[in-house]
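Visitor: Supplied structure: work26.cif, mmCIF, C-alpha atoms.
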data_model
#
loop_
_atom_site.label_atom_id
_atom_site.label_comp_id
_atom_site.auth_asym_id
_atom_site.auth_seq_id
_atom_site.Cartn_x
_atom_site.Cartn_y
_atom_site.Cartn_z
CA ARG A 25 0.19 -5.04 -4.83
CA THR A 26 3.98 -4.95 -4.87
CA VAL A 27 4.34 -2.67 -7.92
CA SER A 28 3.97 1.08 -7.52
CA ARG A 29 2.30 3.39 -10.01
CA ALA A 30 5.73 4.82 -10.88
CA HIS A 31 8.00 1.84 -10.23
CA CYS A 32 10.60 2.31 -12.96
CA THR A 33 11.08 3.88 -16.38
CA LEU A 34 12.25 2.16 -19.55
CA SER A 35 13.79 4.33 -22.25
CA GLY A 36 15.29 3.58 -25.65
CA ASP A 37 17.56 5.53 -27.96
CA ARG A 38 19.00 4.13 -31.21
CA GLY A 39 18.57 0.56 -30.09
CA VAL A 40 20.02 1.06 -26.60
CA PHE A 41 17.50 0.48 -23.80
CA ARG A 42 17.87 1.47 -20.17
CA LEU A 43 15.94 0.95 -16.96
CA HIS A 44 15.74 3.79 -14.45
CA ASN A 45 14.53 2.77 -10.99
CA GLU A 46 11.93 5.13 -9.48
CA THR A 47 11.68 3.40 -6.09
CA GLU A 48 14.01 2.17 -3.37
CA PRO A 49 16.87 0.03 -4.75
CA SER A 50 15.59 -3.19 -3.13
CA ALA A 51 12.31 -3.10 -5.09
CA THR A 52 13.66 -3.49 -8.65
CA PHE A 53 16.03 -6.18 -9.93
CA VAL A 54 17.62 -7.02 -13.28
CA ASN A 55 18.77 -10.63 -13.57
CA GLY A 56 18.57 -10.94 -9.79
CA HIS A 57 20.63 -7.85 -8.99
CA PRO A 58 19.06 -4.79 -7.29
CA VAL A 59 19.02 -1.67 -9.45
CA SER A 60 20.59 1.35 -7.79
CA GLN A 61 21.45 3.28 -10.95
CA ASP A 62 20.48 3.33 -14.62
CA THR A 63 20.99 -0.14 -16.08
CA GLU A 64 21.34 -1.05 -19.75
CA LEU A 65 18.98 -3.84 -20.78
CA LYS A 66 19.76 -6.70 -23.12
CA ASP A 67 17.41 -8.99 -25.02
CA GLY A 68 16.17 -11.70 -22.66
CA ASP A 69 16.97 -9.91 -19.39
CA LEU A 70 14.75 -10.78 -16.41
CA ILE A 71 13.23 -7.71 -14.75
CA GLN A 72 11.64 -8.08 -11.32
CA LEU A 73 9.26 -5.38 -10.09
CA GLY A 74 8.21 -6.31 -6.58
CA ALA A 75 6.91 -9.88 -6.92
CA GLN A 76 6.40 -9.62 -10.69
CA ILE A 77 8.98 -11.14 -13.05
CA LEU A 78 9.11 -9.96 -16.67
CA ARG A 79 11.21 -10.94 -19.68
CA PHE A 80 12.59 -7.97 -21.68
CA CYS A 81 12.29 -8.40 -25.47
CA PRO A 82 13.04 -5.15 -27.35
CA GLY A 83 12.40 -4.16 -30.95
CA LYS A 84 9.69 -4.75 -33.46
CA ARG A 85 8.90 -8.34 -34.29
CA PRO A 86 8.18 -9.13 -37.95
CA VAL A 87 4.89 -10.99 -37.67
CA GLN A 88 4.75 -13.59 -40.41
CA GLY A 89 1.09 -14.47 -39.95
CA MET A 90 -0.74 -17.30 -38.27
CA GLU A 91 -0.90 -20.84 -39.53
CA THR A 92 -2.09 -24.21 -38.30
CA ARG A 93 0.57 -26.81 -37.57
CA HIS A 94 0.43 -30.26 -36.06
CA GLY A 95 2.70 -30.09 -33.08
CA THR A 96 3.19 -30.60 -29.38
CA VAL A 97 2.85 -27.88 -26.75
CA PHE A 98 4.94 -28.16 -23.57
CA PHE A 99 3.85 -26.17 -20.50
CA ALA A 100 6.00 -26.13 -17.32
CA ASP A 101 4.85 -24.28 -14.20
CA ILE A 102 6.56 -23.64 -10.84
CA TRP A 103 4.23 -25.15 -8.23
CA ASN A 104 5.39 -23.14 -5.23
CA TYR A 105 5.84 -19.79 -7.00
CA ASP A 106 3.39 -17.86 -4.80
CA GLN A 107 4.90 -19.29 -1.63
CA LEU A 108 8.42 -18.38 -2.69
CA THR A 109 7.57 -14.83 -3.81
CA ALA A 110 5.64 -14.23 -0.58
CA SER A 111 8.55 -15.37 1.59
CA GLY A 112 10.22 -11.96 1.44
CA ALA A 113 13.50 -13.17 -0.10
CA LEU A 114 12.55 -11.97 -3.57
CA ASP A 115 16.09 -11.06 -4.55
CA GLN A 116 17.25 -14.63 -3.96
CA PHE A 117 14.21 -16.15 -5.64
CA VAL A 118 14.67 -14.16 -8.85
CA ARG A 119 18.25 -15.47 -9.05
CA GLN A 120 16.97 -19.02 -8.66
CA ALA A 121 14.22 -18.39 -11.21
CA GLY A 122 16.80 -17.02 -13.63
CA ASP A 123 18.90 -20.16 -13.25
CA PHE A 124 15.79 -22.28 -13.77
CA TYR A 125 14.76 -20.44 -16.94
CA GLU A 126 18.27 -20.70 -18.37
CA MET A 127 18.29 -24.43 -17.69
CA VAL A 128 14.89 -24.92 -19.33
CA SER A 129 15.96 -22.91 -22.38
CA ARG A 130 19.06 -25.08 -22.79
CA VAL A 131 17.17 -28.36 -22.37
CA VAL A 132 14.47 -27.32 -24.86
CA GLU A 133 17.10 -26.37 -27.43
CA GLU A 134 19.01 -29.62 -26.92
CA HIS A 135 15.83 -31.56 -27.76
CA GLN A 136 14.99 -29.62 -30.94
CA GLY A 137 12.24 -27.57 -29.33
CA VAL A 138 11.35 -23.90 -29.73
CA LEU A 139 10.95 -21.83 -26.59
CA ALA A 140 7.73 -19.91 -27.10
CA THR A 141 7.45 -17.64 -24.08
CA TYR A 142 7.83 -17.11 -20.35
CA LEU A 143 4.64 -16.45 -18.39
CA GLY A 144 5.92 -15.27 -15.02
CA ASP A 145 6.18 -18.63 -13.25
CA ALA A 146 5.65 -20.75 -16.37
CA VAL A 147 7.46 -21.67 -19.59
CA VAL A 148 5.87 -22.63 -22.91
CA ALA A 149 7.70 -24.51 -25.67
CA MET A 150 6.74 -26.25 -28.90
CA PHE A 151 8.01 -29.43 -30.53
CA GLU A 152 7.49 -31.16 -33.86
CA LYS A 153 8.08 -34.62 -32.35
CA GLU A 154 6.17 -35.86 -29.32
CA SER A 155 9.17 -37.91 -28.15
CA ASP A 156 11.33 -34.78 -28.04
CA ALA A 157 8.79 -33.07 -25.77
CA ALA A 158 8.67 -36.15 -23.53
CA ASP A 159 12.47 -36.35 -23.32
CA THR A 160 12.61 -32.63 -22.50
CA ALA A 161 10.23 -33.10 -19.58
CA LEU A 162 12.30 -35.96 -18.15
CA ALA A 163 15.59 -34.09 -18.64
CA LEU A 164 14.14 -30.95 -17.05
CA LEU A 165 13.16 -32.81 -13.88
CA LEU A 166 16.56 -34.51 -13.72
CA HIS A 167 18.41 -31.20 -13.97
CA LEU A 168 16.04 -29.58 -11.48
CA ASP A 169 16.72 -32.36 -8.97
CA GLN A 170 20.44 -31.62 -9.27
CA MET A 171 19.83 -27.88 -8.87
CA ASN A 172 17.62 -28.46 -5.82
CA ILE A 173 20.39 -30.49 -4.15
CA LEU A 174 22.79 -27.56 -4.55
CA TRP A 175 20.15 -25.07 -3.34
CA GLN A 176 19.43 -27.20 -0.26
CA GLN A 177 23.13 -27.34 0.55
CA ALA A 178 23.12 -23.53 0.43
CA ASN A 179 20.02 -23.39 2.69
CA LEU A 180 17.88 -22.09 -0.16
CA PRO A 181 14.31 -23.17 -0.99
CA VAL A 182 13.76 -25.81 -3.66
CA LEU A 183 11.57 -25.44 -6.75
CA GLN A 184 8.77 -27.88 -7.54
CA VAL A 185 7.56 -28.02 -11.14
CA GLY A 186 4.57 -29.48 -12.95
CA ILE A 187 4.57 -30.18 -16.70
CA GLY A 188 1.66 -30.63 -19.09
CA ILE A 189 2.08 -31.83 -22.69
CA HIS A 190 -0.51 -32.00 -25.47
CA THR A 191 -0.35 -32.77 -29.19
CA GLY A 192 -2.79 -31.41 -31.73
CA ASP A 193 -3.36 -28.92 -34.53
CA ILE A 194 -1.93 -25.73 -33.05
CA VAL A 195 -2.47 -22.24 -34.48
CA VAL A 196 0.89 -20.47 -34.25
CA GLY A 197 2.42 -17.19 -35.30
CA ASP A 198 6.13 -16.85 -36.01
CA LEU A 199 7.40 -13.84 -34.06
CA SER A 200 11.09 -14.10 -34.94
CA LEU A 201 13.32 -11.82 -32.92
CA ARG A 202 17.05 -11.48 -33.59
CA HIS A 203 18.67 -14.92 -33.25
CA ARG A 204 15.64 -16.70 -31.82
CA SER A 205 12.41 -17.82 -33.45
CA GLU A 206 9.62 -17.12 -31.04
CA TYR A 207 6.13 -18.54 -31.42
CA ALA A 208 2.78 -17.53 -30.03
CA ALA A 209 0.44 -20.50 -29.83
CA VAL A 210 -3.27 -19.72 -29.62
CA GLY A 211 -6.55 -21.56 -29.63
CA GLU A 212 -8.18 -24.39 -27.72
CA GLN A 213 -5.55 -27.01 -28.59
CA ALA A 214 -2.69 -24.77 -27.48
CA ASN A 215 -4.35 -24.09 -24.12
CA LEU A 216 -4.85 -27.77 -23.28
CA ALA A 217 -1.22 -28.26 -22.22
CA ALA A 218 -1.65 -25.59 -19.53
CA GLU A 219 -4.97 -27.08 -18.43
CA ILE A 220 -3.41 -30.54 -18.19
CA GLU A 221 -0.52 -29.17 -16.12
CA GLY A 222 -3.09 -27.75 -13.72
CA TYR A 223 -3.98 -31.32 -12.71
CA THR A 224 -0.40 -32.33 -11.80
CA ARG A 225 -0.84 -31.10 -8.22
CA GLN A 226 -4.18 -32.88 -7.83
CA LYS A 227 -2.75 -36.11 -9.24
CA ALA A 228 0.50 -35.66 -7.25
CA VAL A 229 2.68 -36.24 -10.33
CA HIS A 230 5.16 -33.96 -12.07
CA ILE A 231 4.41 -34.82 -15.72
CA LEU A 232 1.00 -35.38 -17.30
CA ILE A 233 0.46 -35.84 -21.03
CA SER A 234 -2.69 -36.03 -23.11
CA GLU A 235 -3.88 -39.21 -24.79
CA THR A 236 -2.91 -37.81 -28.20
CA THR A 237 0.68 -37.41 -27.05
CA ALA A 238 0.57 -40.76 -25.27
CA LYS A 239 -0.33 -42.62 -28.47
CA ALA A 240 2.83 -41.26 -30.11
CA VAL A 241 5.21 -42.18 -27.27
CA GLU A 242 3.68 -45.40 -25.90
CA SER A 243 6.36 -47.48 -27.62
CA THR A 244 9.26 -45.37 -26.32
CA HIS A 245 8.20 -44.29 -22.81
CA SER A 246 6.48 -45.93 -19.87
CA LEU A 247 2.99 -44.54 -19.26
CA THR A 248 0.49 -44.80 -16.42
CA SER A 249 -3.12 -43.74 -16.92
CA ARG A 250 -4.29 -41.18 -14.37
CA GLY A 251 -7.92 -41.24 -15.47
CA THR A 252 -9.90 -38.57 -17.26
CA VAL A 253 -9.95 -34.87 -16.42
CA ALA A 254 -12.35 -32.08 -17.28
CA LEU A 255 -10.87 -29.78 -19.90
CA GLU A 256 -12.32 -27.08 -22.12
CA GLY A 257 -14.56 -28.84 -24.60
CA GLY A 258 -14.95 -32.11 -22.70
CA ARG A 259 -13.02 -34.79 -20.83
CA LEU A 260 -9.66 -36.24 -21.80
CA GLU A 261 -7.62 -39.14 -20.49
CA VAL A 262 -4.23 -38.14 -19.14
CA PHE A 263 -1.12 -40.20 -18.50
CA GLU A 264 1.82 -39.90 -16.16
CA LEU A 265 5.02 -39.97 -18.19
CA GLY A 266 7.74 -42.32 -17.02
CA ALA A 267 11.25 -43.17 -18.15
CA ARG A 268 12.25 -44.20 -21.64
CA LEU A 269 11.77 -47.93 -22.31
#
Produce structure tokens that represent the structure in this file.

Guide:
Amino acid sequence: RTVSRAHCTLSGDRGVFRLHNETEPSATFVNGHPVSQDTELKDGDLIQLGAQILRFCPGKRPVQGMETRHGTVFFADIWNYDQLTASGALDQFVRQAGDFYEMVSRVVEEHQGVLATYLGDAVVAMFEKESDAADTALALLLHLDQMNILWQQANLPVLQVGIGIHTGDIVVGDLSLRHRSEYAAVGEQANLAAEIEGYTRQKAVHILISETTAKAVESTHSLTSRGTVALEGGRLEVFELGARL
């Protein structure tokens, strides 16, 4: 509803990409700044069209095929995204979202994870070790608490985040782009992390992990069973992740 039929134009020439705004300056933002004139785009820039937030990734990606790997999918979602984007202060929210995404990217990298993709209000990452995914979730919430304190002091809204983690045989495709390996995870096992995150609001907890992930981290992290939930293909026990033991 907030994006016009001719909202903006993206053009590319010899590897240089530009955004030309076709609407009023307050309707299009790049990295939180309103676009009033042609703006050169860089890999990873956040583009906001109305209430829609996109990640700009230029160039052709050399697809290296799909393969099955045993790994852990990490899915983090902003709980109050719709409320924040509907508040009218979209320019401020996109700045906060940009800070949040940068923080998540740094935390994932610090814990040997691979950032797979941004999905508007959500972030997907993959890990070889379950404990690294668990530590990432805990570190993310810690950093977000610190960011929320600063935002509150500046009279800005806080972000609330839910995280779902699942371990299984994941079908992935390596979509390497420039300096970053980017993965697309597909299939039932890959989707379970997002489904599990969907129960964090209902269970009133910020981190839920599947029983397959729980078995791998039960000796290193405190866990609390939150019962079984209905997921695609059946029911699965989920656990609230606590601090390292």

Visitor: Please list as a ChimeraX atom specification every residue within 12 Å of stretch 40-57 of chain A, counting only C-alpha atoms and excluding residues in the same chain fewer than 5 positions away.

Guide: /A:26-35,62-83,112-123,125-126

Visitor: Could you produce a table of the residues of stretch 73-165 of chain A lying within 9 Å of stretch 182-185 of chain A, with the nearest pair of atoms per residue and their separation in Å rounded to one decimal, using only C-alpha atoms, ordered by chain and increasing residue number, as a Markdown table?

Guide:
| residue | atom | partner | partner_atom | distance |
| --- | --- | --- | --- | --- |
| A:Ala100 | CA | A:Val185 | CA | 6.6 |
| A:Asp101 | CA | A:Val185 | CA | 5.5 |
| A:Ile102 | CA | A:Val185 | CA | 4.5 |
| A:Trp103 | CA | A:Val185 | CA | 5.3 |
| A:Asn104 | CA | A:Gln184 | CA | 6.3 |
| A:Tyr105 | CA | A:Leu183 | CA | 8.1 |
| A:Leu108 | CA | A:Leu183 | CA | 8.7 |
| A:Gln120 | CA | A:Leu183 | CA | 8.6 |
| A:Ala121 | CA | A:Leu183 | CA | 8.8 |
| A:Phe124 | CA | A:Leu183 | CA | 8.8 |
| A:Leu165 | CA | A:Val185 | CA | 7.9 |

Visitor: Could you write out the selected residues, including C-alpha atoms, as a PDB file, keeping the file's coordinate frame?

Guide:
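Okay, this is what ended up in again_28.pdb:
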ATOM      1  CA  ALA A 100       6.000 -26.130 -17.320  1.00  0.00           C
ATOM      2  CA  ASP A 101       4.850 -24.280 -14.200  1.00  0.00           C
ATOM      3  CA  ILE A 102       6.560 -23.640 -10.840  1.00  0.00           C
ATOM      4  CA  TRP A 103       4.230 -25.150  -8.230  1.00  0.00           C
ATOM      5  CA  ASN A 104       5.390 -23.140  -5.230  1.00  0.00           C
ATOM      6  CA  TYR A 105       5.840 -19.790  -7.000  1.00  0.00           C
ATOM      7  CA  LEU A 108       8.420 -18.380  -2.690  1.00  0.00           C
ATOM      8  CA  GLN A 120      16.970 -19.020  -8.660  1.00  0.00           C
ATOM      9  CA  ALA A 121      14.220 -18.390 -11.210  1.00  0.00           C
ATOM     10  CA  PHE A 124      15.790 -22.280 -13.770  1.00  0.00           C
ATOM     11  CA  LEU A 165      13.160 -32.810 -13.880  1.00  0.00           C
TER      12      LEU A 165
END

Visitor: Kindly provide, as JSON, the centre and edge lengths (Å, one decimal) of an axis-aligned box around all atoms of stretch 71-74 of chain A given in the file, with 8 Å on each side.

Guide:
{"center_x": 10.7, "center_y": -6.7, "center_z": -10.7, "size_x": 21.0, "size_y": 18.7, "size_z": 24.2}

Visitor: Identify the residues within 9 Å of coordinate (4.5, -44.3, -19.1) (same frame as the file), considering only C-alpha atoms, and give the answer as a list in words.

Guide: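 Every residue inside that radius is included here: Ala238, Val241, Glu242, Thr244, His245, Ser246, Leu247, Thr248, Ser249, Phe263, Glu264, Leu265, Gly266, Ala267, Arg268 and Leu269 of chain A.
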
Visitor: Output the residue selection produced by the PyMOL selection byres ((chain A and resi 150) around 9) on the file above, formatted as a PyMOL selection string.

Guide: chain A and resi 95-99+132+137-140+148-149+151-152+157+207+209

Visitor: Export, as a JSON list (two decimals), keeping the file's coordinate frame, the selected residues with C-alpha atoms.

Guide:
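Dumped everything to part_7.json:
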[["chain", "number", "residue", "atom", "x", "y", "z"],
["A", 95, "GLY", "CA", 2.70, -30.09, -33.08],
["A", 96, "THR", "CA", 3.19, -30.60, -29.38],
["A", 97, "VAL", "CA", 2.85, -27.88, -26.75],
["A", 98, "PHE", "CA", 4.94, -28.16, -23.57],
["A", 99, "PHE", "CA", 3.85, -26.17, -20.50],
["A", 132, "VAL", "CA", 14.47, -27.32, -24.86],
["A", 137, "GLY", "CA", 12.24, -27.57, -29.33],
["A", 138, "VAL", "CA", 11.35, -23.90, -29.73],
["A", 139, "LEU", "CA", 10.95, -21.83, -26.59],
["A", 140, "ALA", "CA", 7.73, -19.91, -27.10],
["A", 148, "VAL", "CA", 5.87, -22.63, -22.91],
["A", 149, "ALA", "CA", 7.70, -24.51, -25.67],
["A", 151, "PHE", "CA", 8.01, -29.43, -30.53],
["A", 152, "GLU", "CA", 7.49, -31.16, -33.86],
["A", 157, "ALA", "CA", 8.79, -33.07, -25.77],
["A", 207, "TYR", "CA", 6.13, -18.54, -31.42],
["A", 209, "ALA", "CA", 0.44, -20.50, -29.83]]

Visitor: Mind telling me what the PyMOL selection byres ((chain A and resi 166) around 12) catches here, as a ChimeraX atom specification?

Guide: /A:127-128,131,159-165,167-173,184-185,230,267

Visitor: Show which residues sit within 6 Å of A:Ile233, as a PyMOL selection string. Count only C-alpha atoms, and ignore same-chain residues fewer than 5 positions away.

Guide: chain A and resi 188-190+262-263

Visitor: Could you write out the selected residues, including C-alpha atoms, as a PDB file, keeping the file's coordinate frame?

Guide:
ATOM      1  CA  GLY A 188       1.660 -30.630 -19.090  1.00  0.00           C
ATOM      2  CA  ILE A 189       2.080 -31.830 -22.690  1.00  0.00           C
ATOM      3  CA  HIS A 190      -0.510 -32.000 -25.470  1.00  0.00           C
ATOM      4  CA  VAL A 262      -4.230 -38.140 -19.140  1.00  0.00           C
ATOM      5  CA  PHE A 263      -1.120 -40.200 -18.500  1.00  0.00           C
TER       6      PHE A 263
END

Visitor: Could you give me, as a PDB file with C-alpha atoms, keeping the file's coordinate frame, the residues within 7 Å of stretch 220-226 of chain A, counting all atoms listed in the file and dropping anything in the same chain fewer than 3 positions from it?

Guide:
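The result, written out as selection_24.pdb:
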ATOM      1  CA  PHE A  99       3.850 -26.170 -20.500  1.00  0.00           C
ATOM      2  CA  GLY A 186       4.570 -29.480 -12.950  1.00  0.00           C
ATOM      3  CA  ILE A 187       4.570 -30.180 -16.700  1.00  0.00           C
ATOM      4  CA  GLY A 188       1.660 -30.630 -19.090  1.00  0.00           C
ATOM      5  CA  LEU A 216      -4.850 -27.770 -23.280  1.00  0.00           C
ATOM      6  CA  ALA A 217      -1.220 -28.260 -22.220  1.00  0.00           C
ATOM      7  CA  VAL A 229       2.680 -36.240 -10.330  1.00  0.00           C
ATOM      8  CA  HIS A 230       5.160 -33.960 -12.070  1.00  0.00           C
ATOM      9  CA  ILE A 231       4.410 -34.820 -15.720  1.00  0.00           C
ATOM     10  CA  LEU A 232       1.000 -35.380 -17.300  1.00  0.00           C
TER      11      LEU A 232
END

Visitor: By how many Å are atom CA of A:Gln176 and atom CA of A:Val59 apart?

Guide: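 So the two atoms, atom CA of A:Gln176 and atom CA of A:Val59, lie 27.1 Å apart.
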
Visitor: Could you check how far atom CA of A:Gln61 sits from atom CA of A:Arg38, in Å to one decimal?

Guide: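 A separation of 20.4 Å between them.
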
Visitor: List as an NGL selection string the residues having at least one atom at most 7 Å from position (-5.9, -36.4, -22.0) as given in the file, counting only C-alpha atoms.

Guide: :A and (233-235 or 252 or 260-262)

Visitor: Atoms to include: C-alpha atoms. Write the selected residues as a short mmCIF file (atom, residue, chain, number, x, y, z; two decimals), in the frame of the given file.

Guide:
data_model
loop_
_atom_site.label_atom_id
_atom_site.label_comp_id
_atom_site.auth_asym_id
_atom_site.auth_seq_id
_atom_site.Cartn_x
_atom_site.Cartn_y
_atom_site.Cartn_z
CA ILE A 233 0.46 -35.84 -21.03
CA SER A 234 -2.69 -36.03 -23.11
CA GLU A 235 -3.88 -39.21 -24.79
CA THR A 252 -9.90 -38.57 -17.26
CA LEU A 260 -9.66 -36.24 -21.80
CA GLU A 261 -7.62 -39.14 -20.49
CA VAL A 262 -4.23 -38.14 -19.14
#

Visitor: Go through A:Leu180, A:Ala158, A:Val147, A:Leu255 one by one, measure the shortest atom-to-atom distance of each to A:Ser129 using all atoms listed in the file, and give the residue with the smallest value.

Guide: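 So, comparing all the options, the nearest one is A:Val147.
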
Visitor: Work out how far apart atom CA of A:Glu91 and atom CA of A:Val195 are and give it in Å to one decimal.

Guide: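 Interatomic distance, atom CA of A:Glu91 to atom CA of A:Val195: 5.5 Å.
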